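Q: Would you mind keeping the following structure in view while I ask a few things?
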2 protein chains.
Amino acid sequence: MIKDNMKIDYKKELESASKSMIMIHDPKLLIKLIIRMLVRKLRIRHAGMILFDPKKNVYVLDISRGERGLKIPEGFTRFYEESPIIRLFKKDEFKHLTINRSAIVSTDINRMIWRESVLENGHGNGTKELLHQVDEQMQMLNAVACVPSYYQDNLLAILLLGEKYDGLKFEQAELDFFSALASDAAMAIRNAQLFEGLRKEASRHRKLFIQTIIALSSAIEAKDPYTKGHTERVTSMSLILARQMEFDGSLKCDNSFMENLYIASLLHDIGKIAVPEAILNKPGRLTDTEYEVIKMHPSKGVEIIESLELPEGCLEGIRHHHERYDGMGYPHKLKADEIPMTAAIISVADSFDAMTTDRPYRRSLSKEMAIEEVKCNAGSQFHPVVVEAIVGMWEKGIIC
Amino acid sequence: MIKDNMKIDYKKELESASKSMIMIHDPKLLIKLIIRMLVRKLRIRHAGMILFDPKKNVYVLDISRGERGLKIPEGFTRFYEESPIIRLFKKDEFKHLTINRSAIVSTDINRMIWRESVLENGHGNGTKELLHQVDEQMQMLNAVACVPSYYQDNLLAILLLGEKYDGLKFEQAELDFFSALASDAAMAIRNAQLFEGLRKEASRHRKLFIQTIIALSSAIEAKDPYTKGHTERVTSMSLILARQMEFDGSLKCDNSFMENLYIASLLHDIGKIAVPEAILNKPGRLTDTEYEVIKMHPSKGVEIIESLELPEGCLEGIRHHHERYDGMGYPHKLKADEIPMTAAIISVADSFDAMTTDRPYRRSLSKEMAIEEVKCNAGSQFHPVVVEAIVGMWEKGIIC
């Protein structure tokens, strides 16, 4: 009676566990959890799961835990279509052997072979041979029972169960229950695999987007030895400045602010593509007309990337990175807090980088002198809060 | 007896249906299927599901099907935290009312109100009021029973059930079963929502990547009025050519070939960023040295986008789009079938577009003359199979 209760107990536990499985979207973690749960609750020596990998069209023994689990040789973890255990559960011609595709127990195999001998009546059809091979394979895998699971008639997985600690045989009711469980588990794993694939795809495409911007802006910079590496330096300086301001309590950086700042600083000078090289690289002083063309680059940049439909919080970082705190900047002569914080940050990072690199018309300043210069222009050219952050970073030796 | 059997039957059907739910990753379709299944199998007049939308932090009545389902007024499909039915199932203080968060039936509410009257002993605590409001809300929704479902103590959804066709009351055992089912359904829907979110993210990032290439190459082209729109025209021509060749049986276009061709044609001239404008836009004849610089653009292009780690099948389309079938092209003087098919296709599309647009040193050819010119150069400049495709398209009027 106590034993029966215990059984109902673990059944309930396993059932409720299997329900929350679909919320775990890391396939490796999920398989680990399932196997661990089975080994513990069923009190068996080890368990494993052979899972179909649709990308590689192969069945893979993903994990096997427990006392004897590690004995399975490395090379035996991949199972192809011709593998006896896969054929047994997959091929229609062997459907009758597993009594409509239910679990099999190693101790039953001899009986199955004997029955085949009687039925085949001397006409060998390979079935006995297959059963012998399955028997061998199960011994190799230390499996006492194999529980297949299907989704829409496709073999998704085979759950391998080792011996029970109490040495007793698995009962039919238990095996039926494991079948249901194995199919839940296999589906949850499949679900997690699809999730992981999609997540990788999303991050691959994001990386492509970012790398494309970096690659193309580097290519543009490469034409002008004076601006080489400028975009990447401005971008990392902007991000560090924002973090410092958050630390100072002068800025609330949520994820979308940081994302906008990141993309905006990567793209801040992209409008320079539209400026003729003759003006961009002119060694002498620019005429007023030429300077007017240069001053178009923030708005031009926004125009160029219009089709990307980036958030306004990002576009304004590009559009206004040459505004000045005193309202004397361009293109819109915005003043003080009218200037979006992304633009105010990029402005300081951009100017600091320009001051500390050589230009055609002057040598670079030392970082110390550049910090002094930025400080002197707090409240006129630069937003005082951003200046405070860069000065703080200088004093703490974060910039050196 | 027959009735009992029927019950077991639909239970089994619903259980097995609920299992495959996690493989459906379109939330709208999934909700539709669940509701339809419930209405049919349970023989109830209508059913609906109020589902938590974590992005908007609101519960939404996603769908309601059946005879009387459509009567629910439009404005009543959103339920906030303060909504009576949400409070009843969500707030800890009302946990005792639903007897540990199980389903409630409208006919029980009067009894619950009466019990509260006895218990509260004259001290009103809002519970009776809440029950009255829930009663009103259920009437508004035509719901006879409300079945809540939770995941890790969070209220995920409330399943709304209309009257049974046979007019009988829902039994407790039925409601318990629906609870389990509702929780499976809610989890499957949550899973599908997460999937949809991830899928959208992946496609948004892919779009960003593609749009960035298009935007930046357009910006580069914009500096030269003669090449405006060139990249986009070459890209679409290349894709059409490949499809035509597949139709002709001269090319096997799998997804990865088409993807490589797409990206390679978008990027084929990206190396021109590295060519000084003075050479690129020179109106007169180029010197040999200048021509050597121009000839570096395919290799330069591959170099610029090296960090994107694009597949080799894509890179070779860029690297070799100026090779010639007779081996006299650049950069590697590849011959005939040594030239990758992506590059051979881009070469024809590129030349055809160049011939049919004005250049600084000559007027454009008519399309008819350009086709003649391409034909004459089959086997010398161009791959004969690609020429066959473009000529076929011209003859069928696909190019006109």
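Please note that chains go A, B, ... in the order of the structure tokens, that every chain numbers its residues from 1, and that ligands are numbered from 1 in the order shown.
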For chain B, work out the contacting residues on chain A at 8 Å, counting only C-alpha atoms, and write them as a ChimeraX atom specification.

A: /A:19-20,22-23,151,184,187-188,191,195,198-199,201-203,205-213,215-216,219-220,222-223,273-274,276-277,304-305,307-308

Q: Please, can I see chain B fitted onto chain A by all in-order Cα atoms (least squares), as a CSV table (one decimal) with C-alpha atoms, in the first residue's frame?

A:
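New file superposed.csv:
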chain,number,residue,atom,x,y,z
B,1,MET,CA,0.0,-0.1,-0.1
B,2,ILE,CA,2.8,2.3,0.9
B,3,LYS,CA,4.6,1.3,-2.3
B,4,ASP,CA,1.6,2.1,-4.4
B,5,ASN,CA,1.3,5.5,-2.8
B,6,MET,CA,4.9,6.2,-3.5
B,7,LYS,CA,4.4,5.4,-7.1
B,8,ILE,CA,1.5,7.8,-7.4
B,9,ASP,CA,3.6,10.4,-5.7
B,10,TYR,CA,6.5,10.3,-8.1
B,11,LYS,CA,4.1,10.1,-11.0
B,12,LYS,CA,2.5,13.3,-9.9
B,13,GLU,CA,5.9,14.9,-9.4
B,14,LEU,CA,7.1,13.9,-12.8
B,15,GLU,CA,3.9,15.0,-14.4
B,16,SER,CA,4.1,18.4,-13.0
B,17,ALA,CA,7.8,18.7,-13.7
B,18,SER,CA,7.1,17.7,-17.3
B,19,LYS,CA,4.6,20.5,-17.6
B,20,SER,CA,7.0,23.2,-16.8
B,21,MET,CA,9.6,21.7,-19.1
B,22,ILE,CA,8.4,23.8,-22.0
B,23,MET,CA,9.4,27.0,-20.3
B,24,ILE,CA,13.1,25.9,-20.2
B,25,HIS,CA,14.6,27.0,-23.5
B,26,ASP,CA,18.1,25.9,-23.1
B,27,PRO,CA,18.2,22.4,-24.6
B,28,LYS,CA,21.3,21.2,-22.8
B,29,LEU,CA,20.1,22.3,-19.4
B,30,LEU,CA,16.7,20.8,-20.1
B,31,ILE,CA,18.1,17.4,-21.0
B,32,LYS,CA,20.3,17.5,-17.9
B,33,LEU,CA,17.3,18.3,-15.7
B,34,ILE,CA,15.1,15.5,-17.2
B,35,ILE,CA,17.8,12.9,-16.9
B,36,ARG,CA,18.6,13.9,-13.3
B,37,MET,CA,14.9,13.9,-12.4
B,38,LEU,CA,14.5,10.5,-13.8
B,39,VAL,CA,17.5,9.0,-12.1
B,40,ARG,CA,16.5,10.4,-8.8
B,41,LYS,CA,12.8,9.8,-8.8
B,42,LEU,CA,12.9,6.4,-10.4
B,43,ARG,CA,15.9,5.2,-8.4
B,44,ILE,CA,17.6,3.8,-11.4
B,45,ARG,CA,21.4,3.5,-11.9
B,46,HIS,CA,21.5,5.7,-14.9
B,47,ALA,CA,19.4,7.1,-17.7
B,48,GLY,CA,20.1,8.6,-21.1
B,49,MET,CA,18.2,10.0,-24.1
B,50,ILE,CA,18.9,9.4,-27.7
B,51,LEU,CA,17.5,12.5,-29.4
B,52,PHE,CA,16.9,13.2,-33.1
B,53,ASP,CA,18.9,16.1,-34.5
B,54,PRO,CA,17.0,17.2,-37.6
B,55,LYS,CA,19.7,19.5,-38.8
B,56,LYS,CA,22.3,16.7,-39.0
B,57,ASN,CA,19.7,13.9,-39.6
B,58,VAL,CA,21.2,11.8,-36.9
B,59,TYR,CA,20.2,10.5,-33.5
B,60,VAL,CA,22.5,11.6,-30.7
B,61,LEU,CA,22.8,10.2,-27.2
B,62,ASP,CA,22.8,13.6,-25.5
B,63,ILE,CA,23.7,12.7,-22.0
B,64,SER,CA,23.8,9.8,-19.6
B,65,ARG,CA,24.0,10.3,-15.9
B,66,GLY,CA,24.4,8.0,-12.9
B,67,GLU,CA,26.8,5.5,-11.6
B,68,ARG,CA,27.4,3.6,-14.7
B,69,GLY,CA,26.4,6.2,-17.3
B,70,LEU,CA,29.9,7.3,-18.1
B,71,LYS,CA,31.0,3.8,-19.2
B,72,ILE,CA,29.4,4.3,-22.6
B,73,PRO,CA,32.3,4.7,-25.2
B,74,GLU,CA,32.6,8.1,-26.8
B,75,GLY,CA,32.2,6.8,-30.4
B,76,PHE,CA,28.9,5.2,-29.6
B,77,THR,CA,26.9,8.4,-29.1
B,78,ARG,CA,25.7,8.8,-32.7
B,79,PHE,CA,23.0,6.6,-34.2
B,80,TYR,CA,22.2,6.6,-37.9
B,81,GLU,CA,19.1,5.3,-39.6
B,82,GLU,CA,20.7,1.9,-40.0
B,83,SER,CA,21.5,1.5,-36.4
B,84,PRO,CA,19.6,-1.5,-35.0
B,85,ILE,CA,17.9,0.3,-32.2
B,86,ILE,CA,16.7,3.1,-34.5
B,87,ARG,CA,15.5,0.6,-37.2
B,88,LEU,CA,13.5,-1.3,-34.5
B,89,PHE,CA,11.5,1.8,-33.5
B,90,LYS,CA,11.4,3.6,-36.8
B,91,LYS,CA,10.7,1.1,-39.6
B,92,ASP,CA,7.1,0.1,-40.2
B,93,GLU,CA,8.1,-3.6,-40.8
B,94,PHE,CA,9.2,-3.9,-37.2
B,95,LYS,CA,6.1,-2.2,-35.7
B,96,HIS,CA,4.6,-5.5,-34.6
B,97,LEU,CA,7.8,-6.4,-32.5
B,98,THR,CA,7.3,-3.4,-30.2
B,99,ILE,CA,3.6,-4.0,-30.0
B,100,ASN,CA,2.6,-0.7,-31.7
B,101,ARG,CA,5.7,1.1,-30.7
B,102,SER,CA,5.7,0.8,-27.0
B,103,ALA,CA,8.8,0.4,-24.8
B,104,ILE,CA,10.9,-2.7,-24.8
B,105,VAL,CA,12.7,-4.4,-21.9
B,106,SER,CA,16.0,-6.3,-22.4
B,107,THR,CA,14.7,-9.4,-20.6
B,108,ASP,CA,11.9,-9.6,-23.1
B,109,ILE,CA,14.2,-9.8,-26.1
B,110,ASN,CA,15.0,-13.5,-25.8
B,111,ARG,CA,11.3,-14.2,-25.7
B,112,MET,CA,10.8,-12.0,-28.8
B,113,ILE,CA,13.6,-13.8,-30.7
B,114,TRP,CA,12.1,-17.2,-29.8
B,115,ARG,CA,8.6,-16.0,-31.0
B,116,GLU,CA,10.1,-14.9,-34.3
B,117,SER,CA,11.8,-18.3,-34.7
B,118,VAL,CA,8.4,-20.0,-34.4
B,119,LEU,CA,6.7,-17.5,-36.7
B,120,GLU,CA,9.2,-17.2,-39.5
B,121,ASN,CA,8.9,-21.0,-40.1
B,122,GLY,CA,12.4,-21.3,-41.4
B,123,HIS,CA,12.2,-18.2,-43.7
B,124,GLY,CA,14.8,-15.8,-42.3
B,125,ASN,CA,13.8,-12.2,-42.8
B,126,GLY,CA,16.4,-10.4,-40.8
B,127,THR,CA,14.1,-9.8,-37.8
B,128,LYS,CA,15.9,-12.2,-35.5
B,129,GLU,CA,19.2,-10.7,-36.5
B,130,LEU,CA,17.9,-7.3,-35.8
B,131,LEU,CA,16.7,-8.3,-32.3
B,132,HIS,CA,20.2,-9.9,-31.6
B,133,GLN,CA,21.8,-6.6,-32.6
B,134,VAL,CA,19.4,-4.5,-30.5
B,135,ASP,CA,20.2,-6.8,-27.6
B,136,GLU,CA,23.9,-6.2,-28.1
B,137,GLN,CA,23.4,-2.5,-28.4
B,138,MET,CA,21.4,-2.3,-25.2
B,139,GLN,CA,24.1,-4.2,-23.4
B,140,MET,CA,26.7,-1.8,-24.7
B,141,LEU,CA,24.5,1.2,-23.5
B,142,ASN,CA,23.8,-0.6,-20.1
B,143,ALA,CA,20.1,-0.1,-20.9
B,144,VAL,CA,17.5,-2.3,-19.3
B,145,ALA,CA,14.6,-0.6,-21.0
B,146,CYS,CA,14.2,1.5,-24.1
B,147,VAL,CA,11.2,3.9,-24.3
B,148,PRO,CA,10.5,5.4,-27.7
B,149,SER,CA,8.7,8.7,-28.2
B,150,TYR,CA,7.0,10.0,-31.3
B,151,TYR,CA,5.6,13.3,-32.6
B,152,GLN,CA,3.3,12.9,-35.5
B,153,ASP,CA,4.6,9.4,-36.3
B,154,ASN,CA,8.2,10.6,-36.3
B,155,LEU,CA,10.6,9.0,-33.9
B,156,LEU,CA,11.8,11.9,-31.8
B,157,ALA,CA,13.7,10.2,-29.1
B,158,ILE,CA,14.5,7.0,-27.2
B,159,LEU,CA,14.7,7.2,-23.4
B,160,LEU,CA,17.3,4.7,-22.1
B,161,LEU,CA,16.8,3.4,-18.6
B,162,GLY,CA,19.4,1.5,-16.5
B,163,GLU,CA,18.8,-1.0,-13.8
B,164,LYS,CA,16.7,-0.1,-10.8
B,165,TYR,CA,18.6,0.1,-7.5
B,166,ASP,CA,16.2,-2.5,-6.0
B,167,GLY,CA,16.9,-4.9,-8.9
B,168,LEU,CA,13.2,-5.3,-9.7
B,169,LYS,CA,11.9,-5.4,-13.3
B,170,PHE,CA,10.1,-2.5,-14.8
B,171,GLU,CA,6.3,-3.1,-14.9
B,172,GLN,CA,4.2,-2.5,-18.0
B,173,ALA,CA,2.3,0.3,-16.3
B,174,GLU,CA,5.5,2.0,-15.4
B,175,LEU,CA,6.7,1.7,-19.0
B,176,ASP,CA,3.5,3.2,-20.3
B,177,PHE,CA,3.9,6.1,-18.0
B,178,PHE,CA,7.5,6.6,-19.1
B,179,SER,CA,6.3,6.6,-22.7
B,180,ALA,CA,4.0,9.5,-22.0
B,181,LEU,CA,6.8,11.2,-20.1
B,182,ALA,CA,9.4,10.6,-22.7
B,183,SER,CA,7.2,12.1,-25.4
B,184,ASP,CA,6.6,15.2,-23.2
B,185,ALA,CA,10.4,15.5,-22.7
B,186,ALA,CA,11.2,14.9,-26.3
B,187,MET,CA,8.8,17.6,-27.4
B,188,ALA,CA,10.1,20.0,-24.8
B,189,ILE,CA,13.6,19.4,-26.0
B,190,ARG,CA,12.6,19.9,-29.6
B,191,ASN,CA,10.9,23.1,-28.6
B,192,ALA,CA,14.0,24.2,-26.8
B,193,GLN,CA,16.2,23.4,-29.8
B,194,LEU,CA,14.0,25.4,-32.1
B,195,PHE,CA,14.2,28.3,-29.6
B,196,GLU,CA,17.9,28.1,-29.5
B,197,GLY,CA,18.1,28.0,-33.3
B,198,LEU,CA,16.0,31.1,-33.5
B,199,ARG,CA,17.9,32.9,-30.8
B,200,LYS,CA,21.2,32.2,-32.6
B,201,GLU,CA,19.7,33.5,-35.8
B,202,ALA,CA,18.5,36.7,-34.2
B,203,SER,CA,21.9,37.3,-32.7
B,204,ARG,CA,23.7,36.4,-35.9
B,205,HIS,CA,21.6,39.0,-37.8
B,206,ARG,CA,22.2,41.6,-35.1
B,207,LYS,CA,25.9,40.9,-35.3
B,208,LEU,CA,25.8,41.3,-39.1
B,209,PHE,CA,24.0,44.6,-38.8
B,210,ILE,CA,26.5,46.0,-36.2
B,211,GLN,CA,29.5,44.5,-38.1
B,212,THR,CA,28.3,46.0,-41.4
B,213,ILE,CA,28.2,49.5,-39.8
B,214,ILE,CA,31.6,49.1,-38.3
B,215,ALA,CA,33.1,47.6,-41.5
B,216,LEU,CA,31.7,50.3,-43.7
B,217,SER,CA,32.6,53.2,-41.4
B,218,SER,CA,36.1,51.8,-41.0
B,219,ALA,CA,36.4,51.7,-44.8
B,220,ILE,CA,35.3,55.3,-45.1
B,221,GLU,CA,37.7,56.3,-42.3
B,222,ALA,CA,40.5,54.3,-44.0
B,223,LYS,CA,40.6,56.9,-46.7
B,224,ASP,CA,41.6,59.5,-44.2
B,225,PRO,CA,44.6,58.5,-42.0
B,226,TYR,CA,43.6,61.1,-39.5
B,227,THR,CA,40.2,59.5,-38.6
B,228,LYS,CA,41.2,55.9,-38.6
B,229,GLY,CA,39.5,54.0,-35.7
B,230,HIS,CA,37.6,57.2,-34.7
B,231,THR,CA,34.1,55.6,-34.8
B,232,GLU,CA,35.1,52.6,-32.7
B,233,ARG,CA,36.8,54.8,-30.1
B,234,VAL,CA,33.9,57.3,-29.9
B,235,THR,CA,31.5,54.4,-29.5
B,236,SER,CA,33.3,52.8,-26.6
B,237,MET,CA,33.9,56.1,-25.0
B,238,SER,CA,30.2,57.1,-25.2
B,239,LEU,CA,29.1,53.8,-23.6
B,240,ILE,CA,31.6,54.1,-20.8
B,241,LEU,CA,30.6,57.8,-20.2
B,242,ALA,CA,26.9,56.7,-20.0
B,243,ARG,CA,27.8,54.0,-17.4
B,244,GLN,CA,29.8,56.5,-15.4
B,245,MET,CA,26.9,59.0,-15.5
B,246,GLU,CA,24.5,56.2,-14.3
B,247,PHE,CA,27.0,55.5,-11.5
B,248,ASP,CA,27.1,59.2,-10.6
B,249,GLY,CA,23.3,59.2,-10.5
B,250,SER,CA,23.1,61.8,-13.3
B,251,LEU,CA,21.5,59.5,-15.9
B,252,LYS,CA,19.1,56.6,-15.9
B,253,CYS,CA,20.4,54.2,-18.5
B,254,ASP,CA,17.8,51.6,-19.4
B,255,ASN,CA,18.4,49.0,-22.2
B,256,SER,CA,16.9,51.1,-24.9
B,257,PHE,CA,18.9,54.2,-24.0
B,258,MET,CA,22.1,52.2,-24.2
B,259,GLU,CA,21.1,50.5,-27.5
B,260,ASN,CA,20.2,53.9,-29.0
B,261,LEU,CA,23.5,55.4,-27.8
B,262,TYR,CA,25.4,52.4,-29.2
B,263,ILE,CA,23.9,52.6,-32.7
B,264,ALA,CA,24.0,56.4,-32.8
B,265,SER,CA,27.6,56.6,-31.9
B,266,LEU,CA,28.5,53.9,-34.5
B,267,LEU,CA,26.6,56.0,-37.1
B,268,HIS,CA,27.4,59.5,-35.9
B,269,ASP,CA,29.6,60.4,-38.8
B,270,ILE,CA,28.0,58.3,-41.5
B,271,GLY,CA,26.7,61.5,-43.2
B,272,LYS,CA,30.4,62.2,-44.1
B,273,ILE,CA,29.9,59.7,-47.0
B,274,ALA,CA,28.0,62.5,-48.7
B,275,VAL,CA,30.8,65.1,-48.2
B,276,PRO,CA,33.2,65.3,-51.2
B,277,GLU,CA,36.6,64.0,-50.4
B,278,ALA,CA,38.2,67.2,-51.6
B,279,ILE,CA,36.5,69.1,-48.8
B,280,LEU,CA,36.8,66.3,-46.2
B,281,ASN,CA,40.6,65.9,-46.6
B,282,LYS,CA,41.4,69.5,-47.5
B,283,PRO,CA,44.7,70.2,-45.7
B,284,GLY,CA,44.3,74.0,-45.5
B,285,ARG,CA,41.5,76.2,-44.0
B,286,LEU,CA,38.0,75.6,-45.3
B,287,THR,CA,36.0,78.3,-47.0
B,288,ASP,CA,32.7,79.3,-45.6
B,289,THR,CA,30.9,77.4,-48.3
B,290,GLU,CA,32.9,74.3,-47.7
B,291,TYR,CA,32.2,74.6,-44.0
B,292,GLU,CA,28.5,74.8,-44.7
B,293,VAL,CA,28.8,71.5,-46.6
B,294,ILE,CA,30.6,69.8,-43.6
B,295,LYS,CA,27.9,71.1,-41.3
B,296,MET,CA,25.3,69.1,-43.2
B,297,HIS,CA,26.8,65.8,-42.2
B,298,PRO,CA,24.7,65.1,-39.1
B,299,SER,CA,21.4,65.7,-41.0
B,300,LYS,CA,22.7,63.9,-44.0
B,301,GLY,CA,23.5,60.9,-41.8
B,302,VAL,CA,20.0,60.7,-40.6
B,303,GLU,CA,18.7,61.0,-44.1
B,304,ILE,CA,21.0,58.2,-45.4
B,305,ILE,CA,19.8,55.7,-42.8
B,306,GLU,CA,16.1,56.8,-43.0
B,307,SER,CA,15.1,53.4,-44.5
B,308,LEU,CA,16.4,51.5,-41.4
B,309,GLU,CA,13.5,52.9,-39.4
B,310,LEU,CA,15.7,53.3,-36.3
B,311,PRO,CA,14.1,54.7,-33.2
B,312,GLU,CA,13.9,58.5,-32.8
B,313,GLY,CA,16.1,58.1,-29.7
B,314,CYS,CA,18.9,56.9,-31.8
B,315,LEU,CA,18.4,59.3,-34.8
B,316,GLU,CA,18.5,62.3,-32.5
B,317,GLY,CA,21.9,61.2,-31.2
B,318,ILE,CA,23.2,61.4,-34.7
B,319,ARG,CA,21.4,64.6,-35.7
B,320,HIS,CA,22.5,66.6,-32.7
B,321,HIS,CA,26.0,65.5,-31.9
B,322,HIS,CA,27.3,68.9,-33.0
B,323,GLU,CA,24.9,71.0,-31.0
B,324,ARG,CA,26.5,73.1,-28.3
B,325,TYR,CA,25.2,73.6,-24.7
B,326,ASP,CA,25.2,77.4,-25.3
B,327,GLY,CA,23.0,77.1,-28.4
B,328,MET,CA,25.7,78.0,-30.9
B,329,GLY,CA,26.1,74.5,-32.5
B,330,TYR,CA,24.5,73.0,-35.6
B,331,PRO,CA,22.2,72.0,-37.2
B,332,HIS,CA,19.3,73.2,-35.0
B,333,LYS,CA,21.1,75.5,-32.5
B,334,LEU,CA,19.5,73.5,-29.6
B,335,LYS,CA,20.4,74.7,-26.1
B,336,ALA,CA,21.2,73.0,-22.8
B,337,ASP,CA,18.6,70.4,-22.0
B,338,GLU,CA,17.0,70.7,-25.4
B,339,ILE,CA,19.9,68.6,-26.6
B,340,PRO,CA,19.1,64.9,-26.2
B,341,MET,CA,21.5,63.2,-23.7
B,342,THR,CA,22.7,60.7,-26.4
B,343,ALA,CA,23.9,63.6,-28.5
B,344,ALA,CA,25.4,65.4,-25.5
B,345,ILE,CA,27.4,62.3,-24.7
B,346,ILE,CA,28.6,61.6,-28.2
B,347,SER,CA,29.6,65.3,-28.5
B,348,VAL,CA,32.1,65.0,-25.6
B,349,ALA,CA,33.4,61.6,-26.7
B,350,ASP,CA,33.7,62.9,-30.3
B,351,SER,CA,35.6,66.1,-29.4
B,352,PHE,CA,37.8,64.3,-26.9
B,353,ASP,CA,38.9,61.8,-29.6
B,354,ALA,CA,39.4,64.5,-32.1
B,355,MET,CA,41.6,66.5,-29.7
B,356,THR,CA,43.7,63.5,-28.8
B,357,THR,CA,44.5,62.4,-32.4
B,358,ASP,CA,46.6,64.2,-35.0
B,359,ARG,CA,44.8,66.3,-37.5
B,360,PRO,CA,46.1,67.7,-40.8
B,361,TYR,CA,46.3,71.2,-39.3
B,362,ARG,CA,47.6,70.5,-35.8
B,363,ARG,CA,49.3,67.9,-33.6
B,364,SER,CA,47.2,66.0,-31.0
B,365,LEU,CA,46.8,67.2,-27.5
B,366,SER,CA,47.9,65.0,-24.5
B,367,LYS,CA,44.9,63.4,-22.8
B,368,GLU,CA,45.6,65.6,-19.8
B,369,MET,CA,45.4,68.8,-21.9
B,370,ALA,CA,42.3,67.5,-23.7
B,371,ILE,CA,40.5,66.9,-20.3
B,372,GLU,CA,41.5,70.5,-19.3
B,373,GLU,CA,40.0,71.7,-22.6
B,374,VAL,CA,36.8,69.8,-22.1
B,375,LYS,CA,36.5,71.2,-18.5
B,376,CYS,CA,37.0,74.8,-19.8
B,377,ASN,CA,34.2,74.3,-22.2
B,378,ALA,CA,31.6,72.8,-19.7
B,379,GLY,CA,28.4,74.9,-20.1
B,380,SER,CA,29.5,76.5,-23.3
B,381,GLN,CA,30.3,73.7,-25.8
B,382,PHE,CA,29.6,70.7,-23.5
B,383,HIS,CA,26.8,69.5,-21.2
B,384,PRO,CA,28.2,70.0,-17.6
B,385,VAL,CA,26.9,66.6,-16.4
B,386,VAL,CA,28.8,64.8,-19.2
B,387,VAL,CA,31.9,66.8,-18.5
B,388,GLU,CA,31.6,65.9,-14.8
B,389,ALA,CA,31.6,62.2,-15.8
B,390,ILE,CA,34.6,62.4,-18.1
B,391,VAL,CA,36.6,64.3,-15.5
B,392,GLY,CA,35.6,61.8,-12.8
B,393,MET,CA,36.8,59.0,-15.0
B,394,TRP,CA,40.1,60.8,-15.7
B,395,GLU,CA,40.6,61.4,-12.0
B,396,LYS,CA,39.9,57.7,-11.2
B,397,GLY,CA,42.3,56.6,-13.9
B,398,ILE,CA,39.6,55.0,-16.1
B,399,ILE,CA,40.9,57.1,-18.9
B,400,CYS,CA,44.7,57.2,-19.0

Q: From a DSSP calculation on the backbone, collect every residue of segment 65-254 of chain B in strand (DSSP E) and output the set as a ChimeraX atom specification.

A: /B:65-66,78-79,104-105,145-151,154-161

Q: Output the selection as a short mmCIF file (atom, residue, chain, number, x, y, z; two decimals), in the first residue's frame - N, CA and C atoms for each residue.

A:
data_model
loop_
_atom_site.label_atom_id
_atom_site.label_comp_id
_atom_site.auth_asym_id
_atom_site.auth_seq_id
_atom_site.Cartn_x
_atom_site.Cartn_y
_atom_site.Cartn_z
N ARG B 65 -15.17 31.97 -29.28
CA ARG B 65 -15.86 31.36 -30.41
C ARG B 65 -17.16 30.72 -29.97
N GLY B 66 -18.01 30.52 -30.90
CA GLY B 66 -19.25 29.82 -30.62
C GLY B 66 -20.42 30.75 -30.82
N ARG B 78 -9.95 43.89 -22.58
CA ARG B 78 -8.71 44.08 -21.83
C ARG B 78 -9.02 44.11 -20.34
N PHE B 79 -8.22 43.40 -19.58
CA PHE B 79 -8.46 43.31 -18.14
C PHE B 79 -7.20 43.70 -17.40
N ILE B 104 -14.06 28.48 -10.74
CA ILE B 104 -15.34 28.83 -10.13
C ILE B 104 -16.46 28.76 -11.17
N VAL B 105 -17.69 28.47 -10.63
CA VAL B 105 -18.85 28.33 -11.50
C VAL B 105 -19.84 29.41 -11.07
N ALA B 145 -18.40 29.25 -16.34
CA ALA B 145 -17.29 28.82 -15.48
C ALA B 145 -16.02 29.56 -15.87
N CYS B 146 -15.18 29.82 -14.86
CA CYS B 146 -13.88 30.45 -15.09
C CYS B 146 -12.81 29.53 -14.54
N VAL B 147 -11.85 29.14 -15.38
CA VAL B 147 -10.81 28.21 -14.96
C VAL B 147 -9.46 28.93 -15.03
N PRO B 148 -8.86 29.19 -13.87
CA PRO B 148 -7.58 29.92 -13.90
C PRO B 148 -6.43 28.97 -14.17
N SER B 149 -5.34 29.49 -14.74
CA SER B 149 -4.15 28.64 -14.83
C SER B 149 -2.92 29.45 -14.46
N TYR B 150 -2.01 28.77 -13.81
CA TYR B 150 -0.85 29.43 -13.23
C TYR B 150 0.43 28.80 -13.75
N TYR B 151 1.50 29.60 -13.79
CA TYR B 151 2.83 29.04 -13.98
C TYR B 151 3.71 29.67 -12.93
N ASN B 154 2.26 32.49 -10.95
CA ASN B 154 1.75 33.65 -11.68
C ASN B 154 0.51 33.27 -12.48
N LEU B 155 -0.51 34.12 -12.38
CA LEU B 155 -1.73 33.88 -13.15
C LEU B 155 -1.45 34.12 -14.63
N LEU B 156 -1.48 33.03 -15.40
CA LEU B 156 -1.15 33.13 -16.83
C LEU B 156 -2.39 33.39 -17.67
N ALA B 157 -3.49 32.75 -17.27
CA ALA B 157 -4.67 32.82 -18.12
C ALA B 157 -5.92 32.42 -17.35
N ILE B 158 -7.06 32.85 -17.87
CA ILE B 158 -8.34 32.35 -17.34
C ILE B 158 -9.14 31.84 -18.53
N LEU B 159 -9.51 30.57 -18.43
CA LEU B 159 -10.33 29.97 -19.48
C LEU B 159 -11.79 30.26 -19.15
N LEU B 160 -12.52 30.81 -20.11
CA LEU B 160 -13.94 31.12 -19.89
C LEU B 160 -14.79 30.10 -20.62
N LEU B 161 -15.73 29.47 -19.93
CA LEU B 161 -16.57 28.47 -20.57
C LEU B 161 -18.02 28.93 -20.56
#
